[in-house]
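*Asks:* Let me begin by handing over the structure; questions about it come next.
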Amino acid sequence: MGPDPLPRAGPPTVHPASADGWPEDGDDWPVVELRGVARVYGSEPPVEALRGVDLAIYTGDFLAIVGPSGSGKSTLLNILGCLDRPTRGSYLIDGVDVAGLSEAERTAVRARSIGFVFQQFHLLAHRTALENVMLAELYGGGERTGRRERALGALERVGVAHRRDFLPTRLSGGEQQRVAIARALLGSPRLLLCDEPTGNLDSANTQSLLLLFDALARQGLTLVVVTHDEEVAATAGRVVRIVDGRMTEAVG
Ligand code: ADP
């Protein structure tokens with residue numbers, strides 16, 4: 001093994017992981033951190049979508065991002081998801097400054113550390129719930145051995161293992177979103193980024209999904225949820241509001 005090629009910014013750089021790979025309680029450094037992040041789109045005229053955002057998100061945080069349309073939420077989510085880079089400032093994941101990474105390195109960080117959940121569940125219609133989850137690893141290049149068991153474990157974790165052999169069309173919206181969450185959890189990401197995850201759910205399914213999010217956060221998953229839904233924001237442990245590219249955090 002050669003030296004780690006990723007540039008690192010400041011201690012600590014190594015987590016005391018427990019036997020199951022999750023960090024121990026008491027971690028006091030951020031899973032992700034934005035420092036003075038600005039994003040200017042080079043359109044004509046240029047648009048300053050984010051204007052100096054500072055944000056530290058810790059293990060087990062359940063953080064909601066709210067704000068009016070056009071305020072910069074998607075831009076922020078794209079940067080958090082390593083799909084885009086800040087124009088200024090830095091973005092650290094587990095102490096690694098991703099702003100300076102190559103495209104291939106960012107892709108690797110994304111695959112290792114981040115899961116994505118969307119408003120549209122994006123399940124393959126002709127595959128069962130279990131197959132949909134297993135396929136995530138197929139495309140992600142995970143080990144073949146134990147793939148079925150890992151997928152089943154993920155479905156169990158989100159409470160839909162009993163639906164493993166169902167096609168998505170036979171599942172409720174809430175169940176489909178749980179399958180999508182199981183798929184996102186398969187690589188054991190530290191951070192789950194959710195874009196309007198309850199946008200297609202009724203109130204009962206929203207309630208039940210929020211209980212799941214809460215349970216996942218208690219297990220040590222870090223959740224960031226962009227939402228218009230007041231109920232989601234009311235349940236999240238932290239709420240940040242973006243207006244015109246500037247962020248403020250509600251305290252209390
Ligand atoms: P939100 O997700 O809160 O609706 P966005 O992050 O999509 O906000 O957009 C923030 C601002 O950046 C808006 O003014 C939007 O028009 C602008 N914007 C977003 N993407 C681009 C782009 N690719 N090129 C130019 N301007 C953009």
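Each chain of the structure tokens is named A, B, ... in the order shown, its residues numbered from 1; ligands are numbered from 1 in display order.
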Residues within 6 Å of Phe166 (chain A), please, as a PyMOL selection string. Count only C-alpha atoms; anything in the same chain fewer than 3 positions from it doesn't count.
*Replies:* chain A and resi 128-129+163
*Asks:* Give me a file of those residues, with C-alpha atoms, as a tab-separated table (two decimals), in the first residue's frame.
*Replies:*
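Saved to selection.tsv:
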chain	number	residue	atom	x	y	z
A	128	THR	CA	-38.03	-6.65	-7.01
A	129	ALA	CA	-37.27	-4.59	-3.94
A	163	ARG	CA	-41.53	-6.87	0.88
*Asks:* Ligand 1: which residues are within 7 Å, counting only C-alpha atoms and all ligand atoms? Reply as a ChimeraX atom specification.
*Replies:* /A:41-43,47-49,67-76
*Asks:* Would you pick out the contacts of Phe121 (chain A) at 7 Å or less, using only C-alpha atoms, so that residues sharing its chain but fewer than 5 positions from it are not included, and give the list as a list of chain:residue names?
*Replies:*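 So, after excluding close chain neighbours, the residues are A:Gln176, A:Gln177, A:Ala180.
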*Asks:* Out of region 2-247 of chain A, which residues get strand (DSSP E or B) from DSSP, as a VMD selection string?
*Replies:* chain A and resid 8 17 23 32 to 41 47 to 57 62 to 66 88 to 93 96 to 97 114 to 117 191 to 195 222 to 226 238 to 243 246 to 247
*Asks:* Write out, as a tab-separated table (two decimals), in the first residue's frame, the residues just selected, with C-alpha atoms.
*Replies:*
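Written output follows (out19.tsv):
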chain	number	residue	atom	x	y	z
A	8	ARG	CA	-5.92	16.16	4.48
A	17	ALA	CA	-14.24	3.19	14.41
A	23	PRO	CA	-17.63	5.73	14.79
A	32	VAL	CA	-18.58	17.30	6.84
A	33	GLU	CA	-17.66	20.95	7.09
A	34	LEU	CA	-18.11	23.92	4.80
A	35	ARG	CA	-15.79	26.85	5.41
A	36	GLY	CA	-16.64	30.10	3.68
A	37	VAL	CA	-18.16	28.28	0.71
A	38	ALA	CA	-19.22	30.42	-2.21
A	39	ARG	CA	-20.53	29.18	-5.55
A	40	VAL	CA	-20.70	31.56	-8.46
A	41	TYR	CA	-22.26	30.32	-11.68
A	47	VAL	CA	-25.05	34.36	-10.21
A	48	GLU	CA	-23.68	34.10	-6.68
A	49	ALA	CA	-25.78	31.13	-5.53
A	50	LEU	CA	-23.92	30.67	-2.22
A	51	ARG	CA	-22.23	33.55	-0.43
A	52	GLY	CA	-19.78	32.39	2.22
A	53	VAL	CA	-21.54	29.46	3.87
A	54	ASP	CA	-20.05	28.01	7.08
A	55	LEU	CA	-21.58	24.77	8.29
A	56	ALA	CA	-20.31	21.85	10.37
A	57	ILE	CA	-22.39	18.68	10.46
A	62	PHE	CA	-30.44	15.15	11.43
A	63	LEU	CA	-30.25	18.49	9.67
A	64	ALA	CA	-32.98	20.08	7.57
A	65	ILE	CA	-32.21	22.72	4.95
A	66	VAL	CA	-35.11	25.05	4.19
A	88	ARG	CA	-14.30	29.75	-3.05
A	89	GLY	CA	-13.88	28.24	0.38
A	90	SER	CA	-13.32	24.64	1.33
A	91	TYR	CA	-15.36	21.52	1.86
A	92	LEU	CA	-14.06	18.80	4.15
A	93	ILE	CA	-15.40	15.26	4.44
A	96	VAL	CA	-10.37	15.55	3.74
A	97	ASP	CA	-10.51	18.71	1.65
A	114	ILE	CA	-22.36	9.48	0.68
A	115	GLY	CA	-25.80	8.03	-0.03
A	116	PHE	CA	-28.48	9.86	-2.01
A	117	VAL	CA	-32.26	9.79	-1.65
A	191	LEU	CA	-23.78	10.86	5.20
A	192	LEU	CA	-27.24	10.50	3.67
A	193	LEU	CA	-28.33	13.42	1.47
A	194	CYS	CA	-32.05	13.59	0.86
A	195	ASP	CA	-33.72	15.92	-1.63
A	222	THR	CA	-25.70	11.71	9.51
A	223	LEU	CA	-28.73	13.02	7.64
A	224	VAL	CA	-29.13	16.16	5.57
A	225	VAL	CA	-32.61	16.76	4.20
A	226	VAL	CA	-33.63	19.54	1.82
A	238	ARG	CA	-31.14	21.10	13.39
A	239	VAL	CA	-32.68	23.46	10.87
A	240	VAL	CA	-30.71	25.80	8.64
A	241	ARG	CA	-32.39	28.35	6.42
A	242	ILE	CA	-30.91	29.69	3.22
A	243	VAL	CA	-32.04	33.00	1.84
A	246	ARG	CA	-26.74	33.07	2.90
A	247	MET	CA	-27.33	30.59	5.67
*Asks:* Taking the backbone alone, and naming residues the way the document does, which bits of region 70-157 of chain A are helix (DSSP H, G or I) by DSSP, as a ChimeraX atom specification?
*Replies:* /A:73-80,98-100,103-113,129-140,147-157
*Asks:* Write the residues of the preceding selection, restricted to N, CA and C atoms, as a compact mmCIF listing (two decimals), in the first residue's frame.
*Replies:*
# COMPACT_ATOMS: atom_id res chain seq x y z
N LYS A 73 -30.43 26.01 -2.24
CA LYS A 73 -30.49 24.69 -1.58
C LYS A 73 -29.88 23.59 -2.46
N SER A 74 -30.26 23.56 -3.73
CA SER A 74 -29.73 22.52 -4.63
C SER A 74 -28.24 22.69 -4.82
N THR A 75 -27.81 23.92 -4.93
CA THR A 75 -26.37 24.20 -5.08
C THR A 75 -25.62 23.65 -3.88
N LEU A 76 -26.17 23.90 -2.71
CA LEU A 76 -25.53 23.41 -1.48
C LEU A 76 -25.51 21.88 -1.45
N LEU A 77 -26.64 21.27 -1.80
CA LEU A 77 -26.72 19.81 -1.80
C LEU A 77 -25.73 19.20 -2.80
N ASN A 78 -25.59 19.83 -3.95
CA ASN A 78 -24.64 19.34 -4.96
C ASN A 78 -23.21 19.41 -4.44
N ILE A 79 -22.91 20.46 -3.71
CA ILE A 79 -21.55 20.57 -3.16
C ILE A 79 -21.36 19.53 -2.06
N LEU A 80 -22.35 19.40 -1.16
CA LEU A 80 -22.24 18.40 -0.09
C LEU A 80 -22.10 17.00 -0.68
N VAL A 98 -12.12 18.15 -0.08
CA VAL A 98 -12.50 17.61 -1.39
C VAL A 98 -12.36 18.63 -2.51
N ALA A 99 -12.26 19.89 -2.15
CA ALA A 99 -12.18 20.92 -3.20
C ALA A 99 -10.97 20.70 -4.11
N GLY A 100 -9.91 20.16 -3.52
CA GLY A 100 -8.69 20.01 -4.30
C GLY A 100 -8.55 18.66 -4.98
N GLU A 103 -11.42 14.61 -10.29
CA GLU A 103 -12.76 14.07 -10.55
C GLU A 103 -12.85 12.62 -10.04
N ALA A 104 -11.84 11.82 -10.36
CA ALA A 104 -11.85 10.40 -9.98
C ALA A 104 -11.81 10.25 -8.46
N GLU A 105 -11.04 11.09 -7.79
CA GLU A 105 -10.96 11.02 -6.33
C GLU A 105 -12.28 11.44 -5.68
N ARG A 106 -12.89 12.45 -6.28
CA ARG A 106 -14.20 12.89 -5.74
C ARG A 106 -15.25 11.80 -5.92
N THR A 107 -15.19 11.12 -7.06
CA THR A 107 -16.13 10.02 -7.30
C THR A 107 -15.93 8.93 -6.25
N ALA A 108 -14.67 8.65 -5.92
CA ALA A 108 -14.37 7.62 -4.93
C ALA A 108 -14.88 8.03 -3.54
N VAL A 109 -14.68 9.30 -3.18
CA VAL A 109 -15.17 9.80 -1.89
C VAL A 109 -16.70 9.69 -1.84
N ARG A 110 -17.32 10.06 -2.97
CA ARG A 110 -18.79 10.01 -3.05
C ARG A 110 -19.28 8.57 -2.84
N ALA A 111 -18.65 7.63 -3.52
CA ALA A 111 -19.07 6.22 -3.43
C ALA A 111 -18.88 5.69 -2.01
N ARG A 112 -17.82 6.13 -1.35
CA ARG A 112 -17.48 5.58 -0.04
C ARG A 112 -18.29 6.22 1.08
N SER A 113 -18.59 7.50 0.95
CA SER A 113 -19.08 8.23 2.13
C SER A 113 -20.51 8.73 2.03
N ALA A 129 -37.90 -5.48 -4.93
CA ALA A 129 -37.27 -4.59 -3.94
C ALA A 129 -35.84 -5.05 -3.67
N LEU A 130 -35.66 -6.34 -3.43
CA LEU A 130 -34.33 -6.87 -3.11
C LEU A 130 -33.36 -6.63 -4.28
N GLU A 131 -33.83 -6.92 -5.49
CA GLU A 131 -32.95 -6.72 -6.66
C GLU A 131 -32.58 -5.25 -6.82
N ASN A 132 -33.54 -4.36 -6.57
CA ASN A 132 -33.24 -2.94 -6.68
C ASN A 132 -32.10 -2.54 -5.74
N VAL A 133 -32.12 -3.09 -4.53
CA VAL A 133 -31.07 -2.75 -3.57
C VAL A 133 -29.75 -3.40 -3.99
N MET A 134 -29.82 -4.66 -4.41
CA MET A 134 -28.59 -5.36 -4.82
C MET A 134 -27.93 -4.66 -6.01
N LEU A 135 -28.75 -4.13 -6.91
CA LEU A 135 -28.20 -3.49 -8.11
C LEU A 135 -27.32 -2.29 -7.78
N ALA A 136 -27.61 -1.66 -6.65
CA ALA A 136 -26.78 -0.50 -6.26
C ALA A 136 -25.33 -0.93 -6.12
N GLU A 137 -25.13 -2.11 -5.55
CA GLU A 137 -23.75 -2.60 -5.37
C GLU A 137 -23.15 -3.06 -6.69
N LEU A 138 -24.00 -3.59 -7.53
CA LEU A 138 -23.52 -4.05 -8.83
C LEU A 138 -22.89 -2.87 -9.57
N TYR A 139 -23.63 -1.74 -9.59
CA TYR A 139 -23.11 -0.57 -10.29
C TYR A 139 -21.98 0.07 -9.51
N GLY A 140 -22.05 -0.05 -8.18
CA GLY A 140 -21.01 0.55 -7.35
C GLY A 140 -19.73 -0.27 -7.32
N ARG A 147 -23.60 -10.24 -1.31
CA ARG A 147 -24.39 -9.09 -1.78
C ARG A 147 -25.86 -9.22 -1.37
N ARG A 148 -26.40 -10.43 -1.56
CA ARG A 148 -27.81 -10.64 -1.25
C ARG A 148 -28.06 -10.40 0.25
N GLU A 149 -27.17 -10.92 1.08
CA GLU A 149 -27.32 -10.77 2.53
C GLU A 149 -27.21 -9.30 2.93
N ARG A 150 -26.28 -8.59 2.33
CA ARG A 150 -26.14 -7.17 2.66
C ARG A 150 -27.40 -6.39 2.25
N ALA A 151 -27.92 -6.72 1.07
CA ALA A 151 -29.13 -6.03 0.60
C ALA A 151 -30.31 -6.34 1.52
N LEU A 152 -30.40 -7.60 1.92
CA LEU A 152 -31.47 -8.00 2.83
C LEU A 152 -31.32 -7.29 4.18
N GLY A 153 -30.10 -7.19 4.64
CA GLY A 153 -29.82 -6.48 5.89
C GLY A 153 -30.26 -5.03 5.81
N ALA A 154 -30.01 -4.40 4.65
CA ALA A 154 -30.40 -2.99 4.47
C ALA A 154 -31.92 -2.87 4.46
N LEU A 155 -32.60 -3.81 3.80
CA LEU A 155 -34.07 -3.78 3.78
C LEU A 155 -34.62 -3.98 5.19
N GLU A 156 -33.97 -4.85 5.96
CA GLU A 156 -34.40 -5.08 7.34
C GLU A 156 -34.21 -3.80 8.16
N ARG A 157 -33.10 -3.15 7.93
CA ARG A 157 -32.78 -1.94 8.71
C ARG A 157 -33.85 -0.87 8.53
*Asks:* CA of Pro46 (chain A) and CA of Asp244 (chain A), how far apart in Å?
*Replies:*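 The value is 14.0 Å.
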*Asks:* Go ahead and compute the interatomic distance for CA of Leu83 (chain A) and CA of Tyr58 (chain A), in Å to one decimal.
*Replies:*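 Computed distance, CA of Leu83 (chain A) to CA of Tyr58 (chain A), equals 20.6 Å.
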